[in-house]
Structures are given as C-alpha cells and as structure tokens.
file upload_22.txt (compact mmCIF, C-alpha atoms)
# COMPACT_ATOMS: atom_id res chain seq x y z
CA MET A 1 19.99 22.65 6.49
CA SER A 2 16.46 22.36 5.09
CA ARG A 3 13.73 21.20 7.44
CA ASN A 4 12.13 19.14 4.66
CA PHE A 5 12.41 15.44 3.90
CA LEU A 6 12.80 13.62 0.58
CA ALA A 7 10.36 10.71 0.42
CA PHE A 8 10.31 7.91 -2.17
CA ASP A 9 7.51 5.52 -3.05
CA ILE A 10 9.15 2.70 -5.02
CA GLY A 11 6.59 0.89 -7.15
CA GLY A 12 6.78 -1.69 -9.87
CA THR A 13 5.64 0.83 -12.50
CA ASN A 14 6.79 4.22 -11.20
CA ILE A 15 9.05 5.79 -8.62
CA LYS A 16 7.12 8.60 -6.98
CA TYR A 17 9.04 11.08 -4.88
CA GLY A 18 8.39 14.34 -3.12
CA LEU A 19 9.46 16.85 -0.53
CA LEU A 20 7.45 16.98 2.69
CA ASN A 21 7.92 18.98 5.84
CA HIS A 22 7.81 17.74 9.43
CA SER A 23 4.08 18.47 9.67
CA GLY A 24 3.25 16.30 6.66
CA ASN A 25 2.69 19.01 4.08
CA LEU A 26 3.55 17.74 0.59
CA ILE A 27 5.52 20.56 -1.01
CA LYS A 28 6.20 18.98 -4.38
CA LYS A 29 5.71 15.59 -6.02
CA GLU A 30 7.10 14.02 -9.17
CA ALA A 31 7.32 10.58 -10.73
CA ILE A 32 9.58 8.67 -13.07
CA GLU A 33 9.33 5.20 -14.60
CA THR A 34 10.92 2.48 -12.48
CA PRO A 35 13.99 0.91 -14.15
CA HIS A 36 13.72 -2.87 -14.37
CA ASP A 37 17.13 -3.65 -15.86
CA GLY A 38 18.98 -4.23 -12.62
CA LEU A 39 20.20 -2.68 -9.40
CA ASP A 40 22.82 -0.44 -11.01
CA SER A 41 20.31 1.29 -13.28
CA PHE A 42 17.86 1.62 -10.39
CA LEU A 43 20.46 3.18 -8.08
CA LYS A 44 21.58 5.56 -10.80
CA THR A 45 18.01 6.87 -11.01
CA ILE A 46 17.64 7.24 -7.22
CA LYS A 47 21.01 8.97 -6.83
CA LYS A 48 20.20 11.44 -9.60
CA ILE A 49 16.96 12.41 -7.86
CA ILE A 50 18.88 12.90 -4.62
CA ARG A 51 21.49 15.06 -6.39
CA ASP A 52 18.78 17.11 -8.10
CA ASN A 53 17.30 17.90 -4.69
CA LYS A 54 20.58 18.55 -2.93
CA ASN A 55 20.32 20.90 0.09
CA LEU A 56 16.51 20.66 -0.02
CA PHE A 57 16.16 17.87 2.57
CA ARG A 58 17.42 16.74 5.96
CA GLY A 59 16.56 13.05 5.58
CA VAL A 60 15.67 10.46 2.93
CA CYS A 61 12.89 7.93 3.48
CA PHE A 62 11.61 5.08 1.32
CA SER A 63 8.49 2.99 0.90
CA VAL A 64 9.34 -0.23 -0.94
CA PRO A 65 7.85 -3.67 -1.65
CA GLY A 66 9.15 -6.57 0.41
CA THR A 67 9.84 -7.36 4.04
CA ILE A 68 11.93 -4.73 5.82
CA ASP A 69 14.10 -5.82 8.75
CA HIS A 70 14.25 -2.64 10.82
CA THR A 71 17.28 -3.79 12.77
CA ASN A 72 19.37 -2.89 9.72
CA GLU A 73 16.81 -1.58 7.17
CA MET A 74 17.51 -4.64 5.00
CA ILE A 75 15.00 -5.44 2.25
CA TYR A 76 13.97 -9.06 1.72
CA GLY A 77 12.08 -10.16 -1.39
CA GLY A 78 11.50 -6.78 -3.00
CA GLY A 79 8.23 -7.82 -4.65
CA ASN A 80 8.45 -7.44 -8.44
CA LEU A 81 11.77 -5.62 -8.01
CA THR A 82 13.74 -8.74 -7.15
CA PHE A 83 17.07 -6.91 -7.47
CA LEU A 84 16.24 -5.18 -4.17
CA ASP A 85 16.40 -8.49 -2.29
CA HIS A 86 19.03 -8.39 0.48
CA GLN A 87 19.79 -4.72 -0.17
CA SER A 88 20.04 -1.90 2.36
CA PHE A 89 19.45 1.66 1.15
CA PRO A 90 21.50 3.27 3.96
CA GLU A 91 24.50 1.25 2.76
CA LEU A 92 23.82 1.60 -0.97
CA LEU A 93 23.36 5.38 -0.90
CA ASP A 94 26.31 6.06 1.40
CA LEU A 95 25.11 9.57 2.25
CA ASP A 96 26.67 11.87 4.80
CA ASP A 97 26.17 10.61 8.36
CA SER A 98 24.15 13.74 9.12
CA ILE A 99 21.43 12.60 6.67
CA PRO A 100 19.39 9.67 8.02
CA VAL A 101 17.96 7.07 5.63
CA THR A 102 14.97 4.89 6.57
CA VAL A 103 12.94 2.25 4.74
CA GLU A 104 9.38 0.97 5.26
CA ASN A 105 7.27 -1.71 3.58
CA ASP A 106 4.74 -0.17 1.17
CA GLY A 107 1.61 -1.67 2.78
CA LYS A 108 2.75 -0.62 6.24
CA ALA A 109 3.63 2.85 4.94
CA ALA A 110 0.05 3.31 3.76
CA ALA A 111 -1.23 2.31 7.20
CA LEU A 112 1.19 4.69 8.92
CA ALA A 113 0.05 7.56 6.72
CA GLU A 114 -3.58 6.94 7.62
CA LEU A 115 -2.73 6.46 11.30
CA TRP A 116 -0.78 9.73 11.37
CA LEU A 117 -2.97 12.15 9.45
CA GLY A 118 -5.62 10.11 7.67
CA ASN A 119 -8.72 8.02 8.22
CA LEU A 120 -7.16 5.69 10.82
CA LYS A 121 -6.22 8.56 13.12
CA GLY A 122 -7.66 7.90 16.57
CA VAL A 123 -8.72 4.34 15.63
CA GLN A 124 -7.71 1.76 18.23
CA ASN A 125 -7.86 -1.34 15.99
CA GLY A 126 -8.11 -1.32 12.21
CA ALA A 127 -6.21 -1.76 8.99
CA ALA A 128 -5.22 -0.17 5.70
CA ILE A 129 -5.72 -2.43 2.70
CA THR A 130 -3.82 -1.32 -0.39
CA LEU A 131 -5.19 -2.65 -3.67
CA GLY A 132 -2.80 -2.90 -6.59
CA THR A 133 -0.73 -5.62 -8.19
CA GLY A 134 -1.33 -7.61 -5.00
CA ILE A 135 -2.85 -6.65 -1.65
CA GLY A 136 -0.72 -4.64 0.73
CA GLY A 137 -1.66 -4.49 4.36
CA GLY A 138 -0.95 -2.58 7.51
CA ILE A 139 -2.57 -3.75 10.76
CA ILE A 140 -3.22 -1.31 13.60
CA VAL A 141 -3.71 -2.69 17.13
CA ASN A 142 -3.88 -0.44 20.19
CA ASN A 143 -3.11 2.58 17.97
CA LYS A 144 0.17 1.09 16.79
CA LEU A 145 1.33 -0.60 13.60
CA VAL A 146 1.87 -4.34 14.09
CA TYR A 147 5.16 -5.65 12.69
CA GLY A 148 5.54 -9.12 14.19
CA LYS A 149 8.83 -10.75 15.16
CA HIS A 150 9.91 -11.12 11.52
CA PHE A 151 8.40 -7.79 10.34
CA GLN A 152 5.86 -9.68 8.20
CA ALA A 153 2.54 -9.05 9.95
CA GLY A 154 -0.12 -7.83 7.55
CA GLU A 155 1.16 -9.62 4.42
CA LEU A 156 -2.40 -10.15 3.17
CA SER A 157 -1.38 -11.24 -0.35
CA PHE A 158 -0.08 -14.50 1.08
CA MET A 159 -3.36 -15.60 2.64
CA VAL A 160 -4.48 -18.90 1.09
CA ASP A 161 -7.72 -20.68 0.31
CA TRP A 162 -7.63 -23.94 2.26
CA LYS A 163 -9.49 -25.74 -0.55
CA SER A 164 -6.72 -25.06 -3.07
CA PHE A 165 -3.09 -24.75 -2.03
CA ASN A 166 -2.17 -23.04 -5.27
CA GLU A 167 -0.39 -19.73 -5.86
CA LYS A 168 -3.12 -18.55 -8.25
CA ASP A 169 -5.65 -18.89 -5.43
CA MET A 170 -3.64 -16.83 -2.95
CA LEU A 171 -5.30 -13.54 -2.10
CA GLY A 172 -2.58 -11.57 -3.85
CA THR A 173 -3.86 -13.09 -7.10
CA SER A 174 -7.62 -13.34 -6.55
CA GLY A 175 -7.58 -9.89 -4.95
CA SER A 176 -5.29 -8.25 -7.50
CA ALA A 177 -6.76 -5.01 -8.83
CA ILE A 178 -4.41 -5.19 -11.81
CA LEU A 179 -5.66 -8.66 -12.79
CA MET A 180 -9.29 -7.59 -12.29
CA ILE A 181 -8.77 -4.64 -14.63
CA LYS A 182 -7.01 -6.87 -17.17
CA GLU A 183 -9.83 -9.42 -17.12
CA ILE A 184 -12.46 -6.74 -17.67
CA ALA A 185 -10.37 -5.08 -20.39
CA GLU A 186 -10.23 -8.40 -22.24
CA VAL A 187 -14.01 -8.80 -22.08
CA LEU A 188 -14.45 -5.23 -23.37
CA GLY A 189 -11.91 -5.81 -26.10
CA LEU A 190 -9.74 -2.88 -25.04
CA PRO A 191 -6.38 -2.63 -26.83
CA ASN A 192 -4.69 -1.56 -23.58
CA LYS A 193 -5.29 -4.22 -20.93
CA LYS A 194 -4.14 -1.81 -18.21
CA ASP A 195 -6.60 0.97 -19.09
CA GLY A 196 -8.17 1.41 -15.67
CA LYS A 197 -9.94 4.60 -16.74
CA ALA A 198 -11.83 2.84 -19.53
CA VAL A 199 -12.56 -0.14 -17.30
CA PHE A 200 -14.10 2.00 -14.56
CA SER A 201 -16.05 3.96 -17.14
CA ALA A 202 -17.72 0.67 -18.08
CA ILE A 203 -18.18 -0.28 -14.42
CA ASN A 204 -19.81 3.08 -13.62
CA ALA A 205 -22.08 2.55 -16.62
CA SER A 206 -23.10 -0.84 -15.15
CA ASP A 207 -22.04 -2.73 -18.28
CA SER A 208 -23.68 -6.12 -17.77
CA ARG A 209 -20.80 -7.94 -19.47
CA ILE A 210 -18.32 -7.10 -16.75
CA MET A 211 -20.27 -6.34 -13.57
CA PRO A 212 -20.08 -9.95 -12.27
CA ILE A 213 -16.27 -9.77 -12.49
CA PHE A 214 -16.17 -6.49 -10.59
CA THR A 215 -18.71 -7.62 -7.98
CA ASN A 216 -16.82 -10.86 -7.36
CA TYR A 217 -13.61 -8.87 -6.88
CA CYS A 218 -15.28 -6.60 -4.31
CA ARG A 219 -16.74 -9.65 -2.56
CA THR A 220 -13.21 -11.05 -2.22
CA ILE A 221 -12.02 -7.86 -0.52
CA ALA A 222 -15.14 -7.74 1.67
CA ALA A 223 -14.48 -11.31 2.85
CA LEU A 224 -10.89 -10.35 3.62
CA ILE A 225 -12.09 -7.43 5.73
CA ASN A 226 -14.51 -9.68 7.61
CA ASN A 227 -11.78 -12.22 8.34
CA VAL A 228 -9.20 -9.69 9.50
CA GLN A 229 -11.87 -8.06 11.65
CA MET A 230 -12.44 -11.37 13.44
CA VAL A 231 -8.74 -11.51 14.37
CA ILE A 232 -8.07 -7.94 15.51
CA GLY A 233 -11.52 -6.68 16.50
CA GLY A 234 -11.17 -4.01 13.83
CA GLU A 235 -13.45 -0.99 13.99
CA ARG A 236 -12.40 0.66 10.72
CA PHE A 237 -10.77 -0.45 7.47
CA VAL A 238 -9.50 1.98 4.86
CA ILE A 239 -9.00 1.10 1.21
CA ALA A 240 -5.81 2.57 -0.23
CA GLY A 241 -4.06 2.60 -3.60
CA GLY A 242 -4.87 4.62 -6.70
CA ILE A 243 -7.96 2.50 -7.37
CA SER A 244 -9.49 3.64 -4.07
CA ALA A 245 -10.33 7.03 -5.64
CA GLN A 246 -13.12 5.22 -7.52
CA LYS A 247 -16.20 5.78 -5.36
CA ILE A 248 -17.98 2.75 -6.81
CA LEU A 249 -15.18 0.49 -5.56
CA VAL A 250 -15.50 1.33 -1.87
CA ASN A 251 -19.30 1.49 -2.13
CA THR A 252 -19.45 -1.99 -3.66
CA ILE A 253 -17.03 -3.43 -1.12
CA GLU A 254 -19.27 -2.00 1.62
CA LYS A 255 -22.34 -3.53 -0.05
CA GLU A 256 -20.70 -6.96 -0.34
CA TYR A 257 -19.51 -6.77 3.28
CA THR A 258 -23.14 -6.14 4.32
CA ASN A 259 -24.29 -9.03 2.12
CA ILE A 260 -21.86 -11.39 3.87
CA ARG A 261 -23.27 -10.39 7.25
CA GLU A 262 -26.86 -10.79 6.05
CA GLN A 263 -26.17 -14.22 4.56
CA ILE A 264 -24.55 -15.36 7.81
CA PRO A 265 -27.00 -14.04 10.44
CA ILE A 266 -24.75 -14.95 13.40
CA LEU A 267 -22.29 -12.30 12.20
CA ASN A 268 -24.94 -9.58 12.38
CA SER A 269 -26.21 -10.73 15.76
CA THR A 270 -22.78 -11.24 17.35
CA ILE A 271 -20.07 -9.12 15.71
CA LYS A 272 -20.23 -5.34 15.61
CA GLU A 273 -20.13 -4.00 12.06
CA ALA A 274 -16.88 -2.34 10.99
CA GLU A 275 -16.57 0.89 9.04
CA ILE A 276 -15.14 0.72 5.52
CA MET A 277 -13.95 3.89 3.80
CA GLU A 278 -11.43 5.12 1.28
CA ALA A 279 -8.00 6.14 2.48
CA ARG A 280 -7.45 9.86 2.76
CA PHE A 281 -4.20 9.89 0.83
CA HIS A 282 -4.96 7.47 -2.04
CA ASN A 283 -1.85 7.26 -4.25
CA ASP A 284 0.24 9.54 -2.01
CA ALA A 285 -0.15 7.42 1.12
CA ASN A 286 3.24 5.74 0.84
CA LEU A 287 5.08 9.08 0.70
CA TYR A 288 3.43 10.22 3.93
CA GLY A 289 3.92 6.82 5.56
CA ALA A 290 7.60 6.69 4.65
CA LEU A 291 8.07 10.06 6.34
CA TYR A 292 6.06 9.13 9.44
CA HIS A 293 8.19 6.01 9.86
CA MET A 294 11.30 8.18 9.72
CA LEU A 295 9.87 10.61 12.29
CA LEU A 296 9.00 7.73 14.64
CA GLU A 297 12.50 6.28 14.25
CA ASN A 298 14.11 9.62 15.05
CA ASP A 299 11.84 10.11 18.06
CA ASN A 300 13.12 6.79 19.36
call {"tool": "encode", "arguments": {"input": "upload_22.txt", "output": "structure tokens"}}
result
Amino acid sequence: MSRNFLAFDIGGTNIKYGLLNHSGNLIKKEAIETPHDGLDSFLKTIKKIIRDNKNLFRGVCFSVPGTIDHTNEMIYGGGNLTFLDHQSFPELLDLDDSIPVTVENDGKAAALAELWLGNLKGVQNGAAITLGTGIGGGIIVNNKLVYGKHFQAGELSFMVDWKSFNEKDMLGTSGSAILMIKEIAEVLGLPNKKDGKAVFSAINASDSRIMPIFTNYCRTIAALINNVQMVIGGERFVIAGGISAQKILVNTIEKEYTNIREQIPILNSTIKEAEIMEARFHNDANLYGALYHMLLENDN
C-alpha cells in the first residue's frame, strides 16, 4: 500500500485536495468547485476523487468548516455547507477498514499545520488566525492545540462587540476578508465584487478612496490579536488564508497592533509585544493540518 495520504480542504468555494507523504511533502495538489446543491452531489464529487486516486494513499483526511466532535468525527454546523451538519465522513465514505478517515475543523487545521512545520513550530503559546469568509482560529497553549470540552475553542468569528449584540457586529462579519474586498470593489466600481487581485492592486497603490476601509479592517484584526494575547499570553500570531500572501496585509496589521499599544501606554509598559507574521503555508495550510491531525490520531 502507498505510504501517502489523501488530504481534502473543503471550502465554500473550492474543494482542494492533494497527496502528501508522512513527512509533510505535498506531492500533488488539485482543486474543483464545491457543489452546493446538496449532500448527494457533494459526496459524489468526493467519492470520484477518492476513486481517481485509488491505491495512491493509505489514509484520507479532511479539513472542513464547523465544529468537529472527535469522539466520532461528527460535523456540527458545517459553516456555509449546511448539508454537512450532523454528518460523519467515516460513515458516509464507508471505506475499507484498513483505510482510516479523520476530520478536523479548518481553523484548527491551519494552526496544526503551522505548529507542525510552519511558523508556530517551537512556539509555546500562540495562534493561527485564518482570514476568509469569516475568521478561523486555532489556539496553541503549551505547544498543543486547544480544543475545549465541546471542541469549540478558537471560534473567533463568534466574538461579539458588547455595545451591539447584533450578528453583523460579530467578528466573523467585521473581520471578514471577503466582505472587506467586496466593499472596496464597490467603491472602485469593479464589475467583479470578488476580484481580490484588483482590490489589492489598488491597496498597494495607496488609492485614497479605499485605504480607510483597508486600514480599519487591519485594525480590527490587530485588536483581535491584542485581546487573544491577553488571554493566552501569546508570543506569536500567524495570519493564514490566501489573503495572507499579500505583504501589505500583515505589515498593516503589525502597524495597527503597534498603534493600539502606543495609544494605550499601559499595554506597552506592562505587556510584552507579540510577534505577528504570515503563515508559512498560506492557502495550503489546511491540507497539511488535516494530515497532521491524522498522524496525531494514529500515534494515539
């Protein structure tokens, strides 16, 4: 049997998948549009990918949105893919008993990838913050991923502003990279409101029409980092997700984090400054994290 593993990153837009070996080398990677017309269509797509890679893997691992109960690998919620709610991939796929199937939350998968081989390796306390449709999170304490009793630790999108108990003011909305890009695209008059490339071209050109929107977004993420740091004593935070490849994003978050500390002098005089950097694996983090979760499960 092959010594490789088939890893899936299930997203609202695309299903990314690839073959990785035990050491974390990504051998091949492909992507296909995520079906949104129900569980049957979704499973048909997943099963075809598995058949197409038959005999090329020894285990199948998933990164998915939603809460994952690791007592039975049951998915709760499923994020935008609501048909995944109360589903278990090991049961749905019904593979041979010799082929293990594991599932991990997407935000936690990103943190595991960075803890294993990325920019959280060797960090005692820190976090991976994945910027996308919402904000995914993975909290590291004492070199281990924190799950919590209900496997929901690190669900940063659900943090609320005490002044407004409204869903639109939850961090998953105010800190949504997708909504930030859409807002800027509307100001620029772009026909495609999801054109991140054009949006960041304008940001890198310091277009005065949209810089306040971008700066405010980065300030939101910087405040999040400050607040999480106060809870876990974090020494390093890595920014993950495809958007993290934009150097100006991480640089501006760092700048706004420094501004917060300068505007509140007691922070500078009392709390040690945390490092902020881009994640090593960017858009591939969830593939690596899904595999690392599987390896940890097998070791146990």
call {"tool": "atom_distance", "arguments": {"input": "upload_22.txt", "atom1": "CA of Gly172 (chain A)", "atom2": "CA of Cys218 (chain A)"}}
result
13.6 Å
call {"tool": "closest_residue", "arguments": {"input": "upload_22.txt", "among": "A:Phe237, A:Ile264, A:Lys247, A:Ala185", "to": "Gly118 (chain A)", "atoms": "only C-alpha atoms"}}
result
A:Phe237
call {"tool": "atom_distance", "arguments": {"input": "upload_22.txt", "atom1": "CA of Met159 (chain A)", "atom2": "CA of Ala128 (chain A)"}}
result
15.8 Å
call {"tool": "closest_residue", "arguments": {"input": "upload_22.txt", "among": "A:Leu81, A:Leu20, A:Ile68, A:Ile10", "to": "Glu104 (chain A)", "atoms": "only C-alpha atoms"}}
result
A:Ile68
call {"tool": "closest_residue", "arguments": {"input": "upload_22.txt", "among": "A:Val141, A:Leu56, A:Ile260, A:Leu188", "to": "Ile203 (chain A)", "atoms": "all atoms listed in the file"}}
result
A:Leu188
call {"tool": "closest_residue", "arguments": {"input": "upload_22.txt", "among": "A:Glu114, A:Asn25, A:Gly132, A:Met170", "to": "Lys144 (chain A)", "atoms": "only C-alpha atoms"}}
result
A:Glu114
call {"tool": "closest_residue", "arguments": {"input": "upload_22.txt", "among": "A:Val228, A:Leu131, A:Gly24, A:Tyr217", "to": "Ala153 (chain A)", "atoms": "all atoms listed in the file"}}
result
A:Val228
call {"tool": "closest_residue", "arguments": {"input": "upload_22.txt", "among": "A:Ala127, A:Leu224, A:Ile243, A:Leu39", "to": "Asp85 (chain A)", "atoms": "all atoms listed in the file"}}
result
A:Leu39
call {"tool": "axis_aligned_box", "arguments": {"input": "upload_22.txt", "around": "region 197-202 of chain A", "padding_each_side": "5 Å", "output": "JSON"}}
result
{"center_x": -13.8, "center_y": 2.2, "center_z": -17.0, "size_x": 17.8, "size_y": 14.7, "size_z": 15.0}
call {"tool": "residues_around", "arguments": {"input": "upload_22.txt", "residues": "Gly79 (chain A)", "least_positions_apart": "2", "cutoff": "7 Å", "atoms": "all atoms listed in the file", "output": "ChimeraX atom specification"}}
result
/A:65-66,77,81-82
call {"tool": "residues_near_point", "arguments": {"input": "upload_22.txt", "point": "(13.4, -2.8, -11.6)", "cutoff": "8 Å", "atoms": "only C-alpha atoms", "output": "number ranges by chain"}}
result
A: 12, 34-39, 42, 80-83
call {"tool": "residues_around", "arguments": {"input": "upload_22.txt", "residues": "region 281-294 of chain A", "least_positions_apart": "5", "cutoff": "10 Å", "atoms": "only C-alpha atoms", "output": "ChimeraX atom specification"}}
result
/A:5-11,16-26,29,59-64,100-119,130,238-245,299-300
call {"tool": "write_last_selection", "arguments": {"input": "upload_22.txt", "atoms": "C-alpha atoms", "output": "short mmCIF file (atom, residue, chain, number, x, y, z; two decimals), keeping the file's coordinate frame"}}
result
data_model
loop_
_atom_site.label_atom_id
_atom_site.label_comp_id
_atom_site.auth_asym_id
_atom_site.auth_seq_id
_atom_site.Cartn_x
_atom_site.Cartn_y
_atom_site.Cartn_z
CA PHE A 5 12.41 15.44 3.90
CA LEU A 6 12.80 13.62 0.58
CA ALA A 7 10.36 10.71 0.42
CA PHE A 8 10.31 7.91 -2.17
CA ASP A 9 7.51 5.52 -3.05
CA ILE A 10 9.15 2.70 -5.02
CA GLY A 11 6.59 0.89 -7.15
CA LYS A 16 7.12 8.60 -6.98
CA TYR A 17 9.04 11.08 -4.88
CA GLY A 18 8.39 14.34 -3.12
CA LEU A 19 9.46 16.85 -0.53
CA LEU A 20 7.45 16.98 2.69
CA ASN A 21 7.92 18.98 5.84
CA HIS A 22 7.81 17.74 9.43
CA SER A 23 4.08 18.47 9.67
CA GLY A 24 3.25 16.30 6.66
CA ASN A 25 2.69 19.01 4.08
CA LEU A 26 3.55 17.74 0.59
CA LYS A 29 5.71 15.59 -6.02
CA GLY A 59 16.56 13.05 5.58
CA VAL A 60 15.67 10.46 2.93
CA CYS A 61 12.89 7.93 3.48
CA PHE A 62 11.61 5.08 1.32
CA SER A 63 8.49 2.99 0.90
CA VAL A 64 9.34 -0.23 -0.94
CA PRO A 100 19.39 9.67 8.02
CA VAL A 101 17.96 7.07 5.63
CA THR A 102 14.97 4.89 6.57
CA VAL A 103 12.94 2.25 4.74
CA GLU A 104 9.38 0.97 5.26
CA ASN A 105 7.27 -1.71 3.58
CA ASP A 106 4.74 -0.17 1.17
CA GLY A 107 1.61 -1.67 2.78
CA LYS A 108 2.75 -0.62 6.24
CA ALA A 109 3.63 2.85 4.94
CA ALA A 110 0.05 3.31 3.76
CA ALA A 111 -1.23 2.31 7.20
CA LEU A 112 1.19 4.69 8.92
CA ALA A 113 0.05 7.56 6.72
CA GLU A 114 -3.58 6.94 7.62
CA LEU A 115 -2.73 6.46 11.30
CA TRP A 116 -0.78 9.73 11.37
CA LEU A 117 -2.97 12.15 9.45
CA GLY A 118 -5.62 10.11 7.67
CA ASN A 119 -8.72 8.02 8.22
CA THR A 130 -3.82 -1.32 -0.39
CA VAL A 238 -9.50 1.98 4.86
CA ILE A 239 -9.00 1.10 1.21
CA ALA A 240 -5.81 2.57 -0.23
CA GLY A 241 -4.06 2.60 -3.60
CA GLY A 242 -4.87 4.62 -6.70
CA ILE A 243 -7.96 2.50 -7.37
CA SER A 244 -9.49 3.64 -4.07
CA ALA A 245 -10.33 7.03 -5.64
CA ASP A 299 11.84 10.11 18.06
CA ASN A 300 13.12 6.79 19.36
#
call {"tool": "residues_around", "arguments": {"input": "upload_22.txt", "residues": "Ala222 (chain A)", "least_positions_apart": "2", "cutoff": "12 Å", "atoms": "all atoms listed in the file", "output": "mmCIF file with C-alpha atoms, in the coordinates of the input"}}
result
data_model
loop_
_atom_site.group_PDB
_atom_site.id
_atom_site.type_symbol
_atom_site.label_atom_id
_atom_site.label_comp_id
_atom_site.auth_asym_id
_atom_site.auth_seq_id
_atom_site.Cartn_x
_atom_site.Cartn_y
_atom_site.Cartn_z
ATOM 1 C CA ILE A 129 -5.720 -2.430 2.700
ATOM 2 C CA GLY A 175 -7.580 -9.890 -4.950
ATOM 3 C CA THR A 215 -18.710 -7.620 -7.980
ATOM 4 C CA ASN A 216 -16.820 -10.860 -7.360
ATOM 5 C CA TYR A 217 -13.610 -8.870 -6.880
ATOM 6 C CA CYS A 218 -15.280 -6.600 -4.310
ATOM 7 C CA ARG A 219 -16.740 -9.650 -2.560
ATOM 8 C CA THR A 220 -13.210 -11.050 -2.220
ATOM 9 C CA LEU A 224 -10.890 -10.350 3.620
ATOM 10 C CA ILE A 225 -12.090 -7.430 5.730
ATOM 11 C CA ASN A 226 -14.510 -9.680 7.610
ATOM 12 C CA ASN A 227 -11.780 -12.220 8.340
ATOM 13 C CA VAL A 228 -9.200 -9.690 9.500
ATOM 14 C CA GLN A 229 -11.870 -8.060 11.650
ATOM 15 C CA PHE A 237 -10.770 -0.450 7.470
ATOM 16 C CA VAL A 238 -9.500 1.980 4.860
ATOM 17 C CA ILE A 239 -9.000 1.100 1.210
ATOM 18 C CA LEU A 249 -15.180 0.490 -5.560
ATOM 19 C CA VAL A 250 -15.500 1.330 -1.870
ATOM 20 C CA ASN A 251 -19.300 1.490 -2.130
ATOM 21 C CA THR A 252 -19.450 -1.990 -3.660
ATOM 22 C CA ILE A 253 -17.030 -3.430 -1.120
ATOM 23 C CA GLU A 254 -19.270 -2.000 1.620
ATOM 24 C CA LYS A 255 -22.340 -3.530 -0.050
ATOM 25 C CA GLU A 256 -20.700 -6.960 -0.340
ATOM 26 C CA TYR A 257 -19.510 -6.770 3.280
ATOM 27 C CA THR A 258 -23.140 -6.140 4.320
ATOM 28 C CA ASN A 259 -24.290 -9.030 2.120
ATOM 29 C CA ILE A 260 -21.860 -11.390 3.870
ATOM 30 C CA ARG A 261 -23.270 -10.390 7.250
ATOM 31 C CA ALA A 274 -16.880 -2.340 10.990
ATOM 32 C CA GLU A 275 -16.570 0.890 9.040
ATOM 33 C CA ILE A 276 -15.140 0.720 5.520
ATOM 34 C CA MET A 277 -13.950 3.890 3.800
#
call {"tool": "atom_distance", "arguments": {"input": "upload_22.txt", "atom1": "CA of Val231 (chain A)", "atom2": "CA of Asp169 (chain A)"}}
result
21.4 Å
call {"tool": "residues_around", "arguments": {"input": "upload_22.txt", "residues": "Asn125 (chain A)", "least_positions_apart": "4", "cutoff": "9 Å", "atoms": "all atoms listed in the file", "output": "PyMOL selection string"}}
result
chain A and resi 120+139-144+229+232-236
call {"tool": "residues_around", "arguments": {"input": "upload_22.txt", "residues": "Asn55 (chain A)", "least_positions_apart": "3", "cutoff": "10 Å", "atoms": "all atoms listed in the file", "output": "PyMOL selection string"}}
result
chain A and resi 1-4+50-52+58
call {"tool": "build_atoms", "arguments": {"input": "upload_22.txt", "residues": "region 24-29 of chain A", "atoms": "all heavy atoms", "output": "short mmCIF file (atom, residue, chain, number, x, y, z; two decimals), keeping the file's coordinate frame"}}
result
data_model
loop_
_atom_site.label_atom_id
_atom_site.label_comp_id
_atom_site.auth_asym_id
_atom_site.auth_seq_id
_atom_site.Cartn_x
_atom_site.Cartn_y
_atom_site.Cartn_z
N GLY A 24 3.95 17.13 7.64
CA GLY A 24 3.25 16.30 6.66
C GLY A 24 2.65 17.07 5.51
O GLY A 24 1.72 16.58 4.86
N ASN A 25 3.16 18.25 5.24
CA ASN A 25 2.69 19.01 4.08
C ASN A 25 3.53 18.60 2.87
O ASN A 25 4.76 18.67 2.90
CB ASN A 25 2.82 20.51 4.32
CG ASN A 25 1.92 20.99 5.44
OD1 ASN A 25 0.73 20.73 5.44
ND2 ASN A 25 2.50 21.66 6.42
N LEU A 26 2.86 18.16 1.81
CA LEU A 26 3.55 17.74 0.59
C LEU A 26 3.83 18.99 -0.25
O LEU A 26 2.93 19.63 -0.78
CB LEU A 26 2.68 16.76 -0.19
CG LEU A 26 3.27 16.15 -1.46
CD1 LEU A 26 4.57 15.41 -1.15
CD2 LEU A 26 2.26 15.21 -2.11
N ILE A 27 5.10 19.32 -0.35
CA ILE A 27 5.52 20.56 -1.01
C ILE A 27 5.61 20.39 -2.51
O ILE A 27 5.21 21.26 -3.28
CB ILE A 27 6.86 21.03 -0.42
CG1 ILE A 27 6.69 21.32 1.08
CG2 ILE A 27 7.40 22.26 -1.16
CD1 ILE A 27 7.98 21.41 1.84
N LYS A 28 6.18 19.28 -2.95
CA LYS A 28 6.20 18.98 -4.38
C LYS A 28 6.24 17.48 -4.57
O LYS A 28 6.67 16.73 -3.68
CB LYS A 28 7.40 19.64 -5.06
CG LYS A 28 8.74 18.92 -4.88
CD LYS A 28 9.79 19.47 -5.85
CE LYS A 28 11.07 18.64 -5.78
NZ LYS A 28 12.07 19.06 -6.78
N LYS A 29 5.76 17.03 -5.73
CA LYS A 29 5.71 15.59 -6.02
C LYS A 29 5.99 15.38 -7.50
O LYS A 29 5.49 16.12 -8.35
CB LYS A 29 4.35 15.01 -5.66
CG LYS A 29 4.24 13.51 -5.91
CD LYS A 29 2.85 12.99 -5.58
CE LYS A 29 1.83 13.43 -6.63
NZ LYS A 29 0.54 12.74 -6.49
#
